[in-house]
Amino acid sequence: MLSKLQNIADKYNELTQLLSQPEIIADQNQYQKYAKAHSDLAPLVEKYREYTDTVQQIEDAHEMLQEEQESEFKEMLEQELSDQQERKTVLEQELKILLLPRDPDDDKSVIMEIRAGTGGDEAALFANDLFRMYSRYAEMRGWKIDIMDSHYTDIGGIKELTFEVDGVGVYSRLKYESGVHRVQRIPVTESGGRIHTSAATVAVLPEAEEVEVDIDPNEIRIDVYCASGPGGQCVNTTQSAVRITHVPTGLVVTCQDEKSQHKNKAKALRVLRARLKDVLEAEQNAEMAGTRKSQIGTGDRSERIRTYNFPQGRVSDHRINLTLHKLDSILQGQMDEIIDALILNDQTERLKKVE
């Protein structure tokens, strides 16, 4: 591991020198390429430097201990040595995590799909709660939300909603949200005060570039129609809504939230590209985690990654056996504690496979 880290540090130093050369600065494409590589290596190199400094301090403490005779100073040195050795162990673990192969999609923006599952109107209202939670989380992290397609119920619930989350490292954090989310609460539509269980499904798809997924115009069918609101009421007298069907796979994407047919078509193609990327990757590796089928499941109550229990004020993530009695704050978008725990669990499991 240490030789690999030293090679990475040498590469980092080489990139640092290249970025200061006038001919590189003059070529913006080349400069951006080197700058990104330099930025990607920076956290690992900084941690490696901290590790080498700690190793040097341990060696120095050992030498001083051999020379020191006074007991008081000897105790201080022994404590310092113990602290540095503990720090060295922690740094070694952090370096192993940083050396794990990165998901190439981690830096990408995502397209998210939320659908009401089992539970009728209550499931649709819960789907809206989830969208509000993700919207507030995105706002806290400085990400931008753009609704691409939406279908609401008469009482303000979400039948299904497709939206983009744009920002730095979005997929690296939101990819763990894919799956069935379950809610346990007394619905506003319930007069008897009984607790109901409902579900909504979430799919998180990294955005696909055109170079990654090439859509043959001859393999898609595009239909246009008037956009509609709740209950089928016409809200747009022009044919601005777009439905794109990918004939080979049968995938269908609709988009009606823009007044412009051109903009709706562009958004629908981005969604289709993301879905096709997911299908292609699933075909290449049938066991790949995060395929769309495994993400959204059937929407049944029994399939769940997380439960939101209102009577007890708790949120439980069943994948990592984590329970937090912070329901209100989590629904207000304060999701980092759950997501950080999921990332740590993922890193731990991946480390087990390489050690």
# chains A, B, ... in the order shown; residues from 1 in each chain; ligands from 1
>>> closest_atom_pairs(of="region 299-345 of chain A", to="region 175-179 of chain A", cutoff="8 Å", atoms="only C-alpha atoms", output="Markdown table")
| residue | atom | partner | partner_atom | distance |
| --- | --- | --- | --- | --- |
| A:Arg304 | CA | A:Gly179 | CA | 6.6 |
| A:Ile305 | CA | A:Gly179 | CA | 6.0 |
| A:Ile339 | CA | A:Tyr176 | CA | 7.3 |
| A:Leu342 | CA | A:Tyr176 | CA | 7.1 |
>>> residues_around(residues="Asp328 (chain A)", least_positions_apart="2", cutoff="12 Å", atoms="only C-alpha atoms", output="NGL selection string")
:A and (129 or 133 or 308-315 or 324-326 or 330-335)
>>> write_last_selection(atoms="C-alpha atoms", output="CSV table (one decimal), in the first residue's frame")
chain,number,residue,atom,x,y,z
A,129,ASP,CA,-43.3,14.3,1.9
A,133,MET,CA,-37.4,16.1,2.2
A,308,TYR,CA,-40.8,6.5,8.9
A,309,ASN,CA,-42.9,5.9,12.0
A,310,PHE,CA,-44.8,9.0,13.0
A,311,PRO,CA,-46.4,7.8,16.3
A,312,GLN,CA,-42.9,7.0,17.7
A,313,GLY,CA,-41.1,9.9,15.9
A,314,ARG,CA,-38.5,7.6,14.5
A,315,VAL,CA,-36.8,6.7,11.2
A,324,LEU,CA,-33.0,7.7,14.8
A,325,HIS,CA,-35.7,9.4,16.8
A,326,LYS,CA,-35.4,12.5,14.7
A,330,ILE,CA,-35.0,14.3,8.8
A,331,LEU,CA,-38.2,15.2,6.9
A,332,GLN,CA,-37.0,18.8,7.0
A,333,GLY,CA,-34.0,17.6,5.0
A,334,GLN,CA,-31.5,16.9,7.7
A,335,MET,CA,-30.4,13.6,6.2
>>> select_by_dssp(residues="region 122-295 of chain A", states="strand (DSSP E)", output="number ranges by chain")
A: 144-152, 158-166, 179-185, 196-206, 220-225, 241-246, 251-255
>>> write_last_selection(atoms="N, CA and C atoms", output="compact mmCIF listing (two decimals), in the first residue's frame")
# COMPACT_ATOMS: atom_id res chain seq x y z
N LYS A 144 -29.33 22.10 -7.04
CA LYS A 144 -30.50 22.67 -7.73
C LYS A 144 -31.47 21.56 -8.11
N ILE A 145 -32.76 21.80 -7.87
CA ILE A 145 -33.82 20.84 -8.23
C ILE A 145 -34.56 21.36 -9.45
N ASP A 146 -34.82 20.48 -10.39
CA ASP A 146 -35.58 20.84 -11.59
C ASP A 146 -36.61 19.75 -11.86
N ILE A 147 -37.90 20.06 -11.72
CA ILE A 147 -38.95 19.08 -11.96
C ILE A 147 -39.08 18.83 -13.46
N MET A 148 -39.11 17.57 -13.85
CA MET A 148 -39.16 17.19 -15.26
C MET A 148 -40.53 16.67 -15.67
N ASP A 149 -41.20 15.98 -14.77
CA ASP A 149 -42.54 15.48 -15.06
C ASP A 149 -43.25 15.22 -13.74
N SER A 150 -44.51 15.60 -13.65
CA SER A 150 -45.23 15.46 -12.39
C SER A 150 -46.69 15.10 -12.62
N HIS A 151 -47.21 14.24 -11.73
CA HIS A 151 -48.62 13.84 -11.76
C HIS A 151 -49.11 13.82 -10.31
N TYR A 152 -50.01 14.77 -9.98
CA TYR A 152 -50.48 14.93 -8.62
C TYR A 152 -51.92 14.42 -8.46
N ILE A 158 -48.57 12.97 -4.59
CA ILE A 158 -47.83 12.70 -5.82
C ILE A 158 -48.11 11.28 -6.29
N LYS A 159 -48.67 11.16 -7.49
CA LYS A 159 -48.79 9.83 -8.10
C LYS A 159 -47.41 9.39 -8.57
N GLU A 160 -46.77 10.26 -9.32
CA GLU A 160 -45.39 10.03 -9.72
C GLU A 160 -44.75 11.35 -10.09
N LEU A 161 -43.46 11.44 -9.83
CA LEU A 161 -42.73 12.68 -10.05
C LEU A 161 -41.31 12.34 -10.50
N THR A 162 -40.86 13.01 -11.55
CA THR A 162 -39.49 12.86 -12.04
C THR A 162 -38.82 14.21 -11.95
N PHE A 163 -37.64 14.25 -11.32
CA PHE A 163 -36.94 15.52 -11.18
C PHE A 163 -35.44 15.31 -11.21
N GLU A 164 -34.73 16.36 -11.57
CA GLU A 164 -33.27 16.33 -11.63
C GLU A 164 -32.69 17.04 -10.40
N VAL A 165 -31.62 16.48 -9.86
CA VAL A 165 -30.87 17.15 -8.80
C VAL A 165 -29.48 17.40 -9.35
N ASP A 166 -29.14 18.67 -9.49
CA ASP A 166 -27.89 19.06 -10.13
C ASP A 166 -26.94 19.68 -9.11
N GLY A 179 -35.09 2.66 -3.49
CA GLY A 179 -35.79 1.55 -2.85
C GLY A 179 -37.18 1.95 -2.40
N VAL A 180 -37.77 1.12 -1.57
CA VAL A 180 -39.13 1.37 -1.07
C VAL A 180 -39.05 2.01 0.31
N HIS A 181 -39.73 3.13 0.46
CA HIS A 181 -39.81 3.85 1.72
C HIS A 181 -41.21 3.63 2.30
N ARG A 182 -41.27 3.26 3.56
CA ARG A 182 -42.55 2.93 4.19
C ARG A 182 -42.89 3.95 5.27
N VAL A 183 -44.16 4.30 5.37
CA VAL A 183 -44.61 5.24 6.40
C VAL A 183 -45.68 4.58 7.26
N GLN A 184 -45.62 4.85 8.55
CA GLN A 184 -46.64 4.38 9.49
C GLN A 184 -47.17 5.60 10.24
N ARG A 185 -48.45 5.92 9.99
CA ARG A 185 -49.05 7.09 10.65
C ARG A 185 -50.56 7.05 10.48
N HIS A 196 -52.05 3.60 9.72
CA HIS A 196 -51.97 2.90 8.45
C HIS A 196 -50.52 2.78 8.01
N THR A 197 -50.22 1.78 7.22
CA THR A 197 -48.90 1.61 6.62
C THR A 197 -49.02 1.80 5.12
N SER A 198 -48.24 2.72 4.59
CA SER A 198 -48.23 2.99 3.15
C SER A 198 -46.79 2.98 2.65
N ALA A 199 -46.63 3.03 1.34
CA ALA A 199 -45.28 2.97 0.77
C ALA A 199 -45.16 3.85 -0.47
N ALA A 200 -43.94 4.29 -0.72
CA ALA A 200 -43.60 5.01 -1.95
C ALA A 200 -42.25 4.50 -2.41
N THR A 201 -42.04 4.49 -3.72
CA THR A 201 -40.78 4.00 -4.26
C THR A 201 -39.93 5.17 -4.77
N VAL A 202 -38.63 5.02 -4.62
CA VAL A 202 -37.68 6.02 -5.08
C VAL A 202 -36.64 5.35 -5.96
N ALA A 203 -36.38 5.92 -7.11
CA ALA A 203 -35.29 5.45 -7.98
C ALA A 203 -34.33 6.62 -8.20
N VAL A 204 -33.04 6.34 -8.11
CA VAL A 204 -32.02 7.37 -8.31
C VAL A 204 -31.12 6.92 -9.46
N LEU A 205 -31.13 7.69 -10.54
CA LEU A 205 -30.37 7.33 -11.73
C LEU A 205 -29.33 8.40 -12.05
N PRO A 206 -28.06 8.03 -12.16
CA PRO A 206 -27.06 9.04 -12.53
C PRO A 206 -27.31 9.50 -13.96
N ILE A 220 -36.92 5.57 -31.64
CA ILE A 220 -37.82 6.21 -30.69
C ILE A 220 -39.07 6.75 -31.40
N ARG A 221 -40.17 6.76 -30.66
CA ARG A 221 -41.41 7.34 -31.16
C ARG A 221 -41.78 8.50 -30.25
N ILE A 222 -42.03 9.66 -30.84
CA ILE A 222 -42.33 10.86 -30.08
C ILE A 222 -43.78 11.27 -30.32
N ASP A 223 -44.54 11.37 -29.23
CA ASP A 223 -45.93 11.84 -29.30
C ASP A 223 -46.04 13.13 -28.51
N VAL A 224 -46.85 14.06 -29.01
CA VAL A 224 -47.09 15.32 -28.31
C VAL A 224 -48.57 15.43 -27.99
N TYR A 225 -48.87 16.10 -26.87
CA TYR A 225 -50.26 16.24 -26.45
C TYR A 225 -50.37 17.42 -25.49
N ALA A 241 -46.77 18.97 -24.11
CA ALA A 241 -46.33 17.76 -23.41
C ALA A 241 -45.76 16.75 -24.42
N VAL A 242 -44.75 16.00 -23.96
CA VAL A 242 -44.05 15.07 -24.85
C VAL A 242 -43.99 13.68 -24.22
N ARG A 243 -44.26 12.69 -25.04
CA ARG A 243 -44.09 11.29 -24.62
C ARG A 243 -43.12 10.62 -25.60
N ILE A 244 -42.03 10.06 -25.07
CA ILE A 244 -41.04 9.38 -25.92
C ILE A 244 -41.04 7.90 -25.59
N THR A 245 -41.18 7.07 -26.60
CA THR A 245 -41.14 5.62 -26.42
C THR A 245 -39.90 5.08 -27.10
N HIS A 246 -39.09 4.34 -26.33
CA HIS A 246 -37.92 3.69 -26.90
C HIS A 246 -38.36 2.30 -27.35
N LEU A 251 -39.27 1.27 -23.06
CA LEU A 251 -39.25 2.34 -22.06
C LEU A 251 -40.05 3.54 -22.55
N VAL A 252 -40.86 4.11 -21.66
CA VAL A 252 -41.68 5.26 -21.99
C VAL A 252 -41.37 6.39 -21.01
N VAL A 253 -41.11 7.59 -21.54
CA VAL A 253 -40.82 8.76 -20.72
C VAL A 253 -41.77 9.88 -21.14
N THR A 254 -42.37 10.54 -20.15
CA THR A 254 -43.22 11.69 -20.44
C THR A 254 -42.67 12.92 -19.74
N CYS A 255 -42.91 14.08 -20.30
CA CYS A 255 -42.50 15.33 -19.70
C CYS A 255 -43.48 16.41 -20.11
>>> atom_distance(atom1="CA of Gln66 (chain A)", atom2="CA of Tyr51 (chain A)")
23.2 Å
>>> residues_around(residues="region 34-48 of chain A", least_positions_apart="4", cutoff="9 Å", atoms="only C-alpha atoms", output="compact mmCIF listing (two decimals) with N, CA and C atoms, in the first residue's frame")
# COMPACT_ATOMS: atom_id res chain seq x y z
N LEU A 2 1.95 1.25 0.76
CA LEU A 2 2.77 2.44 0.89
C LEU A 2 3.45 2.81 -0.42
N LEU A 5 0.91 4.45 -2.58
CA LEU A 5 0.65 5.81 -2.12
C LEU A 5 1.77 6.75 -2.53
N GLN A 6 3.00 6.27 -2.47
CA GLN A 6 4.13 7.12 -2.87
C GLN A 6 4.06 7.43 -4.36
N ILE A 8 1.36 7.66 -6.11
CA ILE A 8 0.29 8.64 -6.28
C ILE A 8 0.78 10.03 -5.88
N ALA A 9 1.56 10.10 -4.79
CA ALA A 9 2.11 11.39 -4.35
C ALA A 9 3.05 11.96 -5.40
N LYS A 11 2.86 11.39 -8.63
CA LYS A 11 2.00 11.84 -9.73
C LYS A 11 1.38 13.19 -9.40
N TYR A 12 0.98 13.35 -8.16
CA TYR A 12 0.38 14.62 -7.71
C TYR A 12 1.39 15.76 -7.84
N ASN A 13 2.62 15.52 -7.43
CA ASN A 13 3.66 16.55 -7.53
C ASN A 13 3.95 16.90 -8.99
N LEU A 15 1.77 16.70 -11.45
CA LEU A 15 0.63 17.50 -11.92
C LEU A 15 0.73 18.93 -11.41
N THR A 16 1.20 19.10 -10.19
CA THR A 16 1.36 20.44 -9.62
C THR A 16 2.31 21.28 -10.47
N LEU A 18 3.04 20.70 -13.69
CA LEU A 18 2.44 20.90 -15.01
C LEU A 18 1.45 22.07 -15.02
N LEU A 19 0.70 22.19 -13.92
CA LEU A 19 -0.32 23.24 -13.86
C LEU A 19 0.26 24.65 -13.77
N ILE A 24 0.64 24.90 -20.66
CA ILE A 24 -0.52 24.15 -20.16
C ILE A 24 -1.65 25.12 -19.82
N ASN A 29 -8.34 23.15 -22.39
CA ASN A 29 -8.79 21.76 -22.33
C ASN A 29 -7.79 20.90 -21.55
N GLN A 30 -6.51 21.08 -21.87
CA GLN A 30 -5.46 20.33 -21.20
C GLN A 30 -5.37 20.75 -19.72
N THR A 52 2.67 10.04 6.85
CA THR A 52 4.14 10.01 6.90
C THR A 52 4.67 10.90 8.04
N ASP A 53 3.99 12.03 8.28
CA ASP A 53 4.39 12.89 9.40
C ASP A 53 4.21 12.15 10.73
N LEU A 91 -5.30 6.56 10.59
CA LEU A 91 -4.90 7.05 9.26
C LEU A 91 -4.77 5.91 8.26
N GLU A 92 -4.26 4.78 8.70
CA GLU A 92 -4.14 3.63 7.82
C GLU A 92 -5.51 3.20 7.30
N GLU A 94 -8.21 5.12 7.10
CA GLU A 94 -8.72 6.19 6.22
C GLU A 94 -8.06 6.11 4.85
N LEU A 95 -6.78 5.77 4.82
CA LEU A 95 -6.08 5.65 3.54
C LEU A 95 -6.62 4.47 2.72
N LEU A 98 -9.77 5.62 1.12
CA LEU A 98 -9.51 6.54 0.01
C LEU A 98 -8.95 5.80 -1.22
N LEU A 99 -8.31 4.66 -0.98
CA LEU A 99 -7.75 3.88 -2.10
C LEU A 99 -8.80 2.99 -2.79
>>> residues_around(residues="Glu207 (chain A)", least_positions_apart="4", cutoff="10 Å", atoms="only C-alpha atoms", output="PyMOL selection string")
chain A and resi 105+108-112+164-166+171+212+270-275+277-278
>>> atom_distance(atom1="CA of Thr348 (chain A)", atom2="CA of Ser316 (chain A)")
19.9 Å
>>> select_by_dssp(residues="region 11-159 of chain A", states="alpha helix (DSSP H)", output="PyMOL selection string")
chain A and resi 11-18+22-26+28-67+71-99+120-140
>>> atom_distance(atom1="CA of Glu80 (chain A)", atom2="CA of Arg49 (chain A)")
19.2 Å
>>> closest_residue(among="A:Leu100, A:Ala341, A:Cys226, A:Ala266", to="Lys353 (chain A)", atoms="only C-alpha atoms")
A:Leu100
>>> residues_around(residues="Met64 (chain A)", least_positions_apart="3", cutoff="12 Å", atoms="only C-alpha atoms", output="number ranges by chain")
A: 57-61, 67-70, 73-78, 80-81
